[in-house]
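Q: Structure: coords_24.txt, compact mmCIF, N, CA and C atoms.
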```
# COMPACT_ATOMS: atom_id res chain seq x y z
N GLN A 1 12.25 23.79 -88.39
CA GLN A 1 12.31 24.51 -87.12
C GLN A 1 11.90 23.57 -86.00
N VAL A 2 12.69 23.50 -84.95
CA VAL A 2 12.43 22.61 -83.84
C VAL A 2 11.54 23.34 -82.83
N GLN A 3 10.49 22.69 -82.41
CA GLN A 3 9.58 23.25 -81.42
C GLN A 3 9.30 22.24 -80.33
N LEU A 4 8.99 22.75 -79.14
CA LEU A 4 8.59 21.91 -78.02
C LEU A 4 7.13 22.22 -77.70
N VAL A 5 6.33 21.18 -77.57
CA VAL A 5 4.90 21.35 -77.32
C VAL A 5 4.52 20.60 -76.04
N GLU A 6 4.07 21.36 -75.04
CA GLU A 6 3.71 20.77 -73.75
C GLU A 6 2.21 20.50 -73.70
N SER A 7 1.85 19.54 -72.85
CA SER A 7 0.45 19.26 -72.55
C SER A 7 0.36 18.64 -71.17
N GLY A 8 -0.85 18.65 -70.61
CA GLY A 8 -1.08 17.93 -69.37
C GLY A 8 -1.28 18.79 -68.13
N GLY A 9 -1.17 20.09 -68.24
CA GLY A 9 -1.40 20.92 -67.07
C GLY A 9 -2.87 20.97 -66.71
N GLY A 10 -3.16 21.64 -65.60
CA GLY A 10 -4.56 21.76 -65.19
C GLY A 10 -4.68 22.12 -63.73
N LEU A 11 -5.89 21.95 -63.23
CA LEU A 11 -6.23 22.26 -61.84
C LEU A 11 -6.40 20.94 -61.08
N VAL A 12 -5.76 20.86 -59.92
CA VAL A 12 -5.83 19.64 -59.13
C VAL A 12 -5.85 20.00 -57.65
N LEU A 13 -6.46 19.16 -56.85
CA LEU A 13 -6.46 19.37 -55.40
C LEU A 13 -5.12 18.96 -54.81
N ALA A 14 -4.77 19.59 -53.71
CA ALA A 14 -3.55 19.22 -53.00
C ALA A 14 -3.56 17.71 -52.70
N GLY A 15 -2.40 17.08 -52.91
CA GLY A 15 -2.30 15.63 -52.74
C GLY A 15 -2.54 14.85 -54.02
N GLY A 16 -3.03 15.52 -55.03
CA GLY A 16 -3.33 14.87 -56.29
C GLY A 16 -2.11 14.74 -57.19
N SER A 17 -2.36 14.25 -58.40
CA SER A 17 -1.28 13.99 -59.36
C SER A 17 -1.61 14.58 -60.73
N LEU A 18 -0.56 14.92 -61.45
CA LEU A 18 -0.67 15.33 -62.84
C LEU A 18 0.54 14.79 -63.58
N ARG A 19 0.37 14.58 -64.88
CA ARG A 19 1.48 14.16 -65.73
C ARG A 19 1.61 15.14 -66.89
N LEU A 20 2.77 15.77 -66.97
CA LEU A 20 3.05 16.69 -68.07
C LEU A 20 3.81 15.94 -69.17
N SER A 21 3.52 16.31 -70.40
CA SER A 21 4.21 15.73 -71.55
C SER A 21 4.80 16.84 -72.40
N CYS A 22 5.90 16.55 -73.06
CA CYS A 22 6.53 17.51 -73.96
C CYS A 22 7.02 16.74 -75.18
N ALA A 23 6.56 17.17 -76.34
CA ALA A 23 6.94 16.53 -77.59
C ALA A 23 7.82 17.47 -78.41
N VAL A 24 8.87 16.92 -78.98
CA VAL A 24 9.76 17.68 -79.86
C VAL A 24 9.29 17.50 -81.30
N SER A 25 9.02 18.62 -81.97
CA SER A 25 8.65 18.56 -83.38
C SER A 25 9.78 19.16 -84.21
N GLY A 26 9.91 18.71 -85.45
CA GLY A 26 11.03 19.15 -86.27
C GLY A 26 12.18 18.17 -86.15
N THR A 27 13.33 18.59 -86.58
CA THR A 27 14.51 17.72 -86.58
C THR A 27 15.63 18.37 -85.79
N PRO A 28 15.76 18.03 -84.52
CA PRO A 28 16.87 18.59 -83.75
C PRO A 28 18.20 18.01 -84.21
N PHE A 29 19.27 18.69 -83.90
CA PHE A 29 20.60 18.18 -84.24
C PHE A 29 20.94 17.03 -83.31
N ARG A 30 21.09 17.30 -82.06
CA ARG A 30 21.35 16.27 -81.07
C ARG A 30 21.05 16.86 -79.70
N ILE A 31 19.95 16.44 -79.13
CA ILE A 31 19.55 16.97 -77.84
C ILE A 31 20.40 16.35 -76.74
N ALA A 32 21.00 17.21 -75.92
CA ALA A 32 21.88 16.74 -74.85
C ALA A 32 21.19 16.71 -73.49
N VAL A 33 20.22 17.60 -73.31
CA VAL A 33 19.52 17.71 -72.03
C VAL A 33 18.05 18.01 -72.32
N MET A 34 17.18 17.38 -71.58
CA MET A 34 15.76 17.74 -71.61
C MET A 34 15.30 17.90 -70.18
N GLY A 35 14.43 18.86 -69.98
CA GLY A 35 14.00 19.09 -68.61
C GLY A 35 12.76 19.94 -68.50
N TRP A 36 12.39 20.20 -67.26
CA TRP A 36 11.23 21.01 -66.93
C TRP A 36 11.65 22.12 -65.97
N TYR A 37 11.17 23.30 -66.23
CA TYR A 37 11.31 24.46 -65.37
C TYR A 37 9.92 24.94 -64.99
N ARG A 38 9.86 25.77 -63.96
CA ARG A 38 8.59 26.38 -63.60
C ARG A 38 8.80 27.81 -63.13
N GLN A 39 7.74 28.60 -63.29
CA GLN A 39 7.78 29.99 -62.86
C GLN A 39 6.46 30.33 -62.20
N ALA A 40 6.54 30.66 -60.92
CA ALA A 40 5.37 31.08 -60.18
C ALA A 40 5.25 32.61 -60.25
N PRO A 41 4.07 33.17 -60.04
CA PRO A 41 3.91 34.63 -60.11
C PRO A 41 4.88 35.34 -59.17
N GLY A 42 5.58 36.32 -59.71
CA GLY A 42 6.50 37.12 -58.90
C GLY A 42 7.81 36.44 -58.57
N LYS A 43 8.04 35.25 -59.13
CA LYS A 43 9.28 34.53 -58.84
C LYS A 43 10.05 34.25 -60.12
N GLN A 44 11.32 33.93 -59.96
CA GLN A 44 12.16 33.60 -61.10
C GLN A 44 11.87 32.18 -61.56
N ARG A 45 12.15 31.96 -62.83
CA ARG A 45 12.02 30.60 -63.36
C ARG A 45 13.07 29.71 -62.70
N GLU A 46 12.65 28.50 -62.32
CA GLU A 46 13.56 27.59 -61.64
C GLU A 46 13.52 26.20 -62.25
N LEU A 47 14.64 25.52 -62.14
CA LEU A 47 14.71 24.14 -62.63
C LEU A 47 13.89 23.23 -61.71
N VAL A 48 13.07 22.39 -62.32
CA VAL A 48 12.33 21.37 -61.57
C VAL A 48 13.06 20.04 -61.66
N ALA A 49 13.37 19.63 -62.89
CA ALA A 49 14.06 18.36 -63.11
C ALA A 49 14.63 18.35 -64.51
N ASN A 50 15.75 17.65 -64.68
CA ASN A 50 16.25 17.43 -66.03
C ASN A 50 16.95 16.10 -66.13
N VAL A 51 17.10 15.66 -67.38
CA VAL A 51 17.79 14.41 -67.66
C VAL A 51 18.85 14.69 -68.70
N ILE A 52 20.06 14.22 -68.43
CA ILE A 52 21.22 14.53 -69.25
C ILE A 52 21.64 13.28 -70.01
N ARG A 53 21.83 13.42 -71.34
CA ARG A 53 22.29 12.28 -72.12
C ARG A 53 23.62 11.80 -71.59
N TYR A 54 23.74 10.54 -71.33
CA TYR A 54 24.94 9.90 -70.76
C TYR A 54 25.26 10.44 -69.37
N GLY A 55 24.29 11.03 -68.72
CA GLY A 55 24.55 11.62 -67.41
C GLY A 55 23.44 11.37 -66.43
N ASN A 56 23.33 12.29 -65.49
CA ASN A 56 22.43 12.12 -64.37
C ASN A 56 21.04 12.66 -64.66
N THR A 57 20.16 12.31 -63.78
CA THR A 57 18.86 12.94 -63.66
C THR A 57 18.90 13.81 -62.42
N ASN A 58 18.45 15.05 -62.55
CA ASN A 58 18.54 16.00 -61.45
C ASN A 58 17.15 16.51 -61.07
N TYR A 59 16.97 16.75 -59.79
CA TYR A 59 15.70 17.26 -59.28
C TYR A 59 15.95 18.41 -58.33
N ALA A 60 15.05 19.38 -58.33
CA ALA A 60 15.06 20.39 -57.29
C ALA A 60 14.74 19.73 -55.96
N ASP A 61 15.35 20.22 -54.90
CA ASP A 61 15.11 19.63 -53.58
C ASP A 61 13.63 19.62 -53.22
N SER A 62 12.91 20.64 -53.65
CA SER A 62 11.51 20.78 -53.27
C SER A 62 10.60 19.72 -53.90
N VAL A 63 11.08 19.02 -54.94
CA VAL A 63 10.23 18.04 -55.61
C VAL A 63 10.76 16.61 -55.49
N LYS A 64 11.93 16.44 -54.88
CA LYS A 64 12.50 15.10 -54.76
C LYS A 64 11.55 14.18 -54.00
N GLY A 65 11.39 12.97 -54.54
CA GLY A 65 10.50 12.00 -53.93
C GLY A 65 9.05 12.15 -54.33
N ARG A 66 8.71 13.24 -55.00
CA ARG A 66 7.32 13.47 -55.44
C ARG A 66 7.20 13.49 -56.97
N PHE A 67 8.19 14.04 -57.64
CA PHE A 67 8.16 14.17 -59.10
C PHE A 67 9.15 13.19 -59.72
N THR A 68 8.80 12.72 -60.92
CA THR A 68 9.68 11.84 -61.66
C THR A 68 9.73 12.28 -63.12
N ILE A 69 10.94 12.50 -63.62
CA ILE A 69 11.13 12.85 -65.02
C ILE A 69 11.51 11.59 -65.79
N SER A 70 11.00 11.47 -67.00
CA SER A 70 11.36 10.34 -67.86
C SER A 70 11.33 10.80 -69.32
N ARG A 71 11.94 10.04 -70.17
CA ARG A 71 11.96 10.37 -71.59
C ARG A 71 12.00 9.09 -72.40
N ASN A 72 11.69 9.21 -73.69
CA ASN A 72 11.74 8.02 -74.52
C ASN A 72 13.15 7.84 -75.10
N SER A 73 13.39 6.71 -75.73
CA SER A 73 14.73 6.41 -76.23
C SER A 73 15.14 7.29 -77.40
N ALA A 74 14.16 7.85 -78.10
CA ALA A 74 14.46 8.71 -79.24
C ALA A 74 14.77 10.14 -78.84
N TRP A 75 14.62 10.43 -77.58
CA TRP A 75 14.88 11.78 -77.07
C TRP A 75 13.97 12.81 -77.76
N ASN A 76 12.74 12.43 -78.05
CA ASN A 76 11.81 13.42 -78.58
C ASN A 76 10.52 13.52 -77.75
N LEU A 77 10.50 12.87 -76.60
CA LEU A 77 9.39 12.99 -75.66
C LEU A 77 9.98 13.02 -74.26
N VAL A 78 9.46 13.91 -73.45
CA VAL A 78 9.85 13.93 -72.05
C VAL A 78 8.60 14.14 -71.21
N TYR A 79 8.57 13.48 -70.07
CA TYR A 79 7.41 13.51 -69.20
C TYR A 79 7.82 13.98 -67.80
N LEU A 80 6.85 14.52 -67.10
CA LEU A 80 7.04 14.85 -65.69
C LEU A 80 5.83 14.33 -64.93
N GLN A 81 6.02 13.28 -64.19
CA GLN A 81 4.97 12.74 -63.32
C GLN A 81 5.05 13.46 -61.98
N MET A 82 3.96 14.11 -61.62
CA MET A 82 3.93 14.91 -60.39
C MET A 82 2.91 14.31 -59.44
N ASN A 83 3.38 13.83 -58.31
CA ASN A 83 2.52 13.23 -57.29
C ASN A 83 2.58 14.06 -56.02
N SER A 84 1.63 13.83 -55.16
CA SER A 84 1.57 14.54 -53.86
C SER A 84 1.73 16.04 -54.06
N LEU A 85 0.98 16.58 -54.98
CA LEU A 85 1.11 18.00 -55.32
C LEU A 85 0.70 18.89 -54.16
N LYS A 86 1.41 20.02 -54.06
CA LYS A 86 1.18 20.99 -53.00
C LYS A 86 0.80 22.33 -53.64
N PRO A 87 0.11 23.19 -52.89
CA PRO A 87 -0.22 24.50 -53.44
C PRO A 87 1.01 25.27 -53.93
N GLU A 88 2.14 25.08 -53.27
CA GLU A 88 3.36 25.78 -53.68
C GLU A 88 3.94 25.26 -54.99
N ASP A 89 3.38 24.19 -55.55
CA ASP A 89 3.78 23.72 -56.87
C ASP A 89 3.07 24.50 -57.98
N THR A 90 2.13 25.34 -57.61
CA THR A 90 1.40 26.12 -58.60
C THR A 90 2.35 27.03 -59.38
N ALA A 91 2.33 26.92 -60.69
CA ALA A 91 3.25 27.68 -61.55
C ALA A 91 2.94 27.36 -63.01
N VAL A 92 3.57 28.11 -63.89
CA VAL A 92 3.60 27.73 -65.29
C VAL A 92 4.84 26.85 -65.48
N TYR A 93 4.63 25.69 -66.05
CA TYR A 93 5.71 24.73 -66.25
C TYR A 93 6.16 24.77 -67.72
N TYR A 94 7.46 24.86 -67.91
CA TYR A 94 8.04 24.99 -69.24
C TYR A 94 8.94 23.79 -69.54
N CYS A 95 8.78 23.25 -70.71
CA CYS A 95 9.70 22.22 -71.20
C CYS A 95 10.93 22.91 -71.79
N ASN A 96 12.08 22.31 -71.59
CA ASN A 96 13.33 22.86 -72.10
C ASN A 96 14.17 21.75 -72.74
N ALA A 97 14.84 22.10 -73.82
CA ALA A 97 15.79 21.18 -74.43
C ALA A 97 17.02 21.96 -74.87
N GLN A 98 18.15 21.35 -74.68
CA GLN A 98 19.41 21.95 -75.13
C GLN A 98 19.89 21.12 -76.32
N ASP A 99 19.91 21.78 -77.48
CA ASP A 99 20.17 21.11 -78.75
C ASP A 99 21.35 21.76 -79.45
N SER A 100 22.52 21.18 -79.28
CA SER A 100 23.72 21.67 -79.96
C SER A 100 23.94 23.16 -79.72
N GLY A 101 23.87 23.55 -78.48
CA GLY A 101 24.11 24.93 -78.10
C GLY A 101 22.89 25.82 -78.13
N ARG A 102 21.79 25.33 -78.66
CA ARG A 102 20.55 26.12 -78.68
C ARG A 102 19.70 25.76 -77.47
N ASP A 103 19.12 26.76 -76.87
CA ASP A 103 18.26 26.58 -75.71
C ASP A 103 16.83 26.72 -76.20
N LEU A 104 16.09 25.62 -76.21
CA LEU A 104 14.73 25.60 -76.75
C LEU A 104 13.72 25.57 -75.60
N TRP A 105 12.61 26.29 -75.78
CA TRP A 105 11.56 26.36 -74.75
C TRP A 105 10.19 26.10 -75.37
N GLY A 106 9.35 25.44 -74.58
CA GLY A 106 7.95 25.31 -74.95
C GLY A 106 7.20 26.56 -74.54
N GLN A 107 5.91 26.56 -74.85
CA GLN A 107 5.08 27.74 -74.58
C GLN A 107 4.62 27.80 -73.12
N GLY A 108 4.75 26.73 -72.40
CA GLY A 108 4.35 26.69 -71.00
C GLY A 108 2.96 26.12 -70.81
N THR A 109 2.76 25.44 -69.69
CA THR A 109 1.46 24.90 -69.33
C THR A 109 1.19 25.20 -67.85
N GLN A 110 0.00 25.68 -67.58
CA GLN A 110 -0.33 26.10 -66.21
C GLN A 110 -0.68 24.89 -65.35
N VAL A 111 -0.09 24.84 -64.17
CA VAL A 111 -0.44 23.86 -63.15
C VAL A 111 -0.91 24.63 -61.92
N THR A 112 -2.13 24.36 -61.49
CA THR A 112 -2.69 25.03 -60.33
C THR A 112 -3.11 23.97 -59.32
N VAL A 113 -2.58 24.09 -58.10
CA VAL A 113 -2.89 23.15 -57.03
C VAL A 113 -3.66 23.90 -55.95
N SER A 114 -4.89 23.49 -55.70
CA SER A 114 -5.71 24.17 -54.71
C SER A 114 -5.67 23.40 -53.40
N SER A 115 -5.77 24.16 -52.32
CA SER A 115 -5.71 23.53 -50.97
C SER A 115 -7.07 23.16 -50.46
```
Could you write out this file's structure as structure tokens?

A:
Amino acid sequence: QVQLVESGGGLVLAGGSLRLSCAVSGTPFRIAVMGWYRQAPGKQRELVANVIRYGNTNYADSVKGRFTISRNSAWNLVYLQMNSLKPEDTAVYYCNAQDSGRDLWGQGTQVTVSS
């Protein structure tokens, strides 16, 4: 069974940085996309950033220039470096992977940015 396990969330002051990590456990078939989503209280889950095999890296407009997504060559680790954090970045952040038609999700990690 393939699982995604996130780590790295926490509480940080505005302007600070955090790095989220997501590890893939099990044996995926072939992951085509890995990314990060977030969901703030009372809002819909939204894409933060993703990286596409043989394709582009995409970012939400609200995080461009502040967040950086990266992954390892084995496609079993993905990171989200978050700099210049703002209170509006506060949310539960979820790792996502698309594996041969399956949409996989991590359990989520809380990121809280205080002003």

Q: I want to know what sits within 7 Å of Ala49 of chain A, based on all atoms listed in the file, with residues of the same chain fewer than 6 positions away left out; could you give that as number ranges by chain?

A: A: 34-37, 57-60, 69

Q: Tell me, in Å to one decimal, how far atom CA of Lys64 of chain A is from atom CA of Ser25 of chain A.

A: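 Atom CA of Ser25 of chain A lies 29.1 Å from atom CA of Lys64 of chain A.
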
Q: Between atom CA of Ile31 of chain A and atom CA of Phe67 of chain A, what is the distance, to one decimal in Å?

A: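 Taking atom CA of Ile31 of chain A and atom CA of Phe67 of chain A, their separation equals 22.1 Å.
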
Q: Taking all atoms of segment 87-104 of chain A that appear in the file, build a box with edges along x, y and z, extend it by 6 Å on every side, and state its centre and edge lengths in Å to one decimal, as AutoDock Vina command-line options.

A:
```
--center_x 11.9 --center_y 24.6 --center_z -66.4 --size_x 36.3 --size_y 19.0 --size_z 39.1
```

Q: Return the single residue from A:Gln39, A:Ser115, A:Gln3, A:Asn56 that is closest to Tyr93 of chain A, with distances computed using only C-alpha atoms.

A: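 Of all the options, A:Gln39 lies closest to Tyr93 of chain A.
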
Q: Since the input has fewer atoms than a full residue there, write segment 92-103 of chain A out with all heavy atoms, as a PDB file, in the coordinates of the input.

A:
```pdb
ATOM      1  N   VAL A  92       3.570  28.110 -63.890  1.00  0.00           N
ATOM      2  CA  VAL A  92       3.600  27.730 -65.290  1.00  0.00           C
ATOM      3  C   VAL A  92       4.840  26.850 -65.480  1.00  0.00           C
ATOM      4  O   VAL A  92       5.947  27.244 -65.079  1.00  0.00           O
ATOM      5  CB  VAL A  92       3.679  28.962 -66.223  1.00  0.00           C
ATOM      6  CG1 VAL A  92       3.775  28.512 -67.679  1.00  0.00           C
ATOM      7  CG2 VAL A  92       2.457  29.853 -66.018  1.00  0.00           C
ATOM      8  N   TYR A  93       4.630  25.690 -66.050  1.00  0.00           N
ATOM      9  CA  TYR A  93       5.710  24.730 -66.250  1.00  0.00           C
ATOM     10  C   TYR A  93       6.160  24.770 -67.720  1.00  0.00           C
ATOM     11  O   TYR A  93       5.322  24.708 -68.634  1.00  0.00           O
ATOM     12  CB  TYR A  93       5.241  23.329 -65.870  1.00  0.00           C
ATOM     13  CG  TYR A  93       5.185  23.127 -64.381  1.00  0.00           C
ATOM     14  CD1 TYR A  93       4.229  23.780 -63.600  1.00  0.00           C
ATOM     15  CD2 TYR A  93       6.099  22.292 -63.730  1.00  0.00           C
ATOM     16  CE1 TYR A  93       4.196  23.618 -62.237  1.00  0.00           C
ATOM     17  CE2 TYR A  93       6.063  22.116 -62.355  1.00  0.00           C
ATOM     18  CZ  TYR A  93       5.117  22.789 -61.617  1.00  0.00           C
ATOM     19  OH  TYR A  93       5.083  22.625 -60.249  1.00  0.00           O
ATOM     20  N   TYR A  94       7.460  24.860 -67.910  1.00  0.00           N
ATOM     21  CA  TYR A  94       8.040  24.990 -69.240  1.00  0.00           C
ATOM     22  C   TYR A  94       8.940  23.790 -69.540  1.00  0.00           C
ATOM     23  O   TYR A  94       9.796  23.417 -68.723  1.00  0.00           O
ATOM     24  CB  TYR A  94       8.878  26.256 -69.367  1.00  0.00           C
ATOM     25  CG  TYR A  94       8.104  27.540 -69.215  1.00  0.00           C
ATOM     26  CD1 TYR A  94       7.947  28.137 -67.970  1.00  0.00           C
ATOM     27  CD2 TYR A  94       7.542  28.164 -70.327  1.00  0.00           C
ATOM     28  CE1 TYR A  94       7.240  29.320 -67.828  1.00  0.00           C
ATOM     29  CE2 TYR A  94       6.833  29.350 -70.196  1.00  0.00           C
ATOM     30  CZ  TYR A  94       6.690  29.921 -68.945  1.00  0.00           C
ATOM     31  OH  TYR A  94       5.986  31.100 -68.817  1.00  0.00           O
ATOM     32  N   CYS A  95       8.780  23.250 -70.710  1.00  0.00           N
ATOM     33  CA  CYS A  95       9.700  22.220 -71.200  1.00  0.00           C
ATOM     34  C   CYS A  95      10.930  22.910 -71.790  1.00  0.00           C
ATOM     35  O   CYS A  95      10.812  23.979 -72.427  1.00  0.00           O
ATOM     36  CB  CYS A  95       8.985  21.392 -72.264  1.00  0.00           C
ATOM     37  SG  CYS A  95       9.985  20.069 -72.983  1.00  0.00           S
ATOM     38  N   ASN A  96      12.080  22.310 -71.590  1.00  0.00           N
ATOM     39  CA  ASN A  96      13.330  22.860 -72.100  1.00  0.00           C
ATOM     40  C   ASN A  96      14.170  21.750 -72.740  1.00  0.00           C
ATOM     41  O   ASN A  96      14.191  20.629 -72.233  1.00  0.00           O
ATOM     42  CB  ASN A  96      14.116  23.514 -70.957  1.00  0.00           C
ATOM     43  CG  ASN A  96      15.525  23.898 -71.355  1.00  0.00           C
ATOM     44  OD1 ASN A  96      16.481  23.169 -71.104  1.00  0.00           O
ATOM     45  ND2 ASN A  96      15.665  25.058 -71.978  1.00  0.00           N
ATOM     46  N   ALA A  97      14.840  22.100 -73.820  1.00  0.00           N
ATOM     47  CA  ALA A  97      15.790  21.180 -74.430  1.00  0.00           C
ATOM     48  C   ALA A  97      17.020  21.960 -74.870  1.00  0.00           C
ATOM     49  O   ALA A  97      16.912  23.090 -75.339  1.00  0.00           O
ATOM     50  CB  ALA A  97      15.162  20.476 -75.634  1.00  0.00           C
ATOM     51  N   GLN A  98      18.150  21.350 -74.680  1.00  0.00           N
ATOM     52  CA  GLN A  98      19.410  21.950 -75.130  1.00  0.00           C
ATOM     53  C   GLN A  98      19.890  21.120 -76.320  1.00  0.00           C
ATOM     54  O   GLN A  98      20.215  19.940 -76.182  1.00  0.00           O
ATOM     55  CB  GLN A  98      20.418  21.956 -73.994  1.00  0.00           C
ATOM     56  CG  GLN A  98      19.953  22.839 -72.833  1.00  0.00           C
ATOM     57  CD  GLN A  98      20.866  22.791 -71.630  1.00  0.00           C
ATOM     58  OE1 GLN A  98      22.048  22.491 -71.747  1.00  0.00           O
ATOM     59  NE2 GLN A  98      20.323  23.066 -70.462  1.00  0.00           N
ATOM     60  N   ASP A  99      19.910  21.780 -77.480  1.00  0.00           N
ATOM     61  CA  ASP A  99      20.170  21.110 -78.750  1.00  0.00           C
ATOM     62  C   ASP A  99      21.350  21.760 -79.450  1.00  0.00           C
ATOM     63  O   ASP A  99      21.183  22.808 -80.069  1.00  0.00           O
ATOM     64  CB  ASP A  99      18.916  21.148 -79.623  1.00  0.00           C
ATOM     65  CG  ASP A  99      19.121  20.526 -80.979  1.00  0.00           C
ATOM     66  OD1 ASP A  99      19.958  19.607 -81.107  1.00  0.00           O
ATOM     67  OD2 ASP A  99      18.432  20.942 -81.926  1.00  0.00           O
ATOM     68  N   SER A 100      22.520  21.180 -79.280  1.00  0.00           N
ATOM     69  CA  SER A 100      23.720  21.670 -79.960  1.00  0.00           C
ATOM     70  C   SER A 100      23.940  23.160 -79.720  1.00  0.00           C
ATOM     71  O   SER A 100      24.151  23.936 -80.653  1.00  0.00           O
ATOM     72  CB  SER A 100      23.629  21.385 -81.468  1.00  0.00           C
ATOM     73  OG  SER A 100      23.540  20.006 -81.702  1.00  0.00           O
ATOM     74  N   GLY A 101      23.870  23.550 -78.480  1.00  0.00           N
ATOM     75  CA  GLY A 101      24.110  24.930 -78.100  1.00  0.00           C
ATOM     76  C   GLY A 101      22.890  25.820 -78.130  1.00  0.00           C
ATOM     77  O   GLY A 101      22.928  26.958 -77.655  1.00  0.00           O
ATOM     78  N   ARG A 102      21.790  25.330 -78.660  1.00  0.00           N
ATOM     79  CA  ARG A 102      20.550  26.120 -78.680  1.00  0.00           C
ATOM     80  C   ARG A 102      19.700  25.760 -77.470  1.00  0.00           C
ATOM     81  O   ARG A 102      19.562  24.588 -77.144  1.00  0.00           O
ATOM     82  CB  ARG A 102      19.752  25.852 -79.956  1.00  0.00           C
ATOM     83  CG  ARG A 102      20.453  26.232 -81.241  1.00  0.00           C
ATOM     84  CD  ARG A 102      19.539  25.953 -82.420  1.00  0.00           C
ATOM     85  NE  ARG A 102      19.206  24.539 -82.543  1.00  0.00           N
ATOM     86  CZ  ARG A 102      18.310  24.057 -83.382  1.00  0.00           C
ATOM     87  NH1 ARG A 102      17.617  24.883 -84.161  1.00  0.00           N
ATOM     88  NH2 ARG A 102      18.081  22.760 -83.456  1.00  0.00           N
ATOM     89  N   ASP A 103      19.120  26.760 -76.870  1.00  0.00           N
ATOM     90  CA  ASP A 103      18.260  26.580 -75.710  1.00  0.00           C
ATOM     91  C   ASP A 103      16.830  26.720 -76.200  1.00  0.00           C
ATOM     92  O   ASP A 103      16.393  27.805 -76.569  1.00  0.00           O
ATOM     93  CB  ASP A 103      18.580  27.635 -74.656  1.00  0.00           C
ATOM     94  CG  ASP A 103      18.430  27.136 -73.241  1.00  0.00           C
ATOM     95  OD1 ASP A 103      18.230  25.920 -73.047  1.00  0.00           O
ATOM     96  OD2 ASP A 103      18.512  27.972 -72.313  1.00  0.00           O
TER      97      ASP A 103
END
```
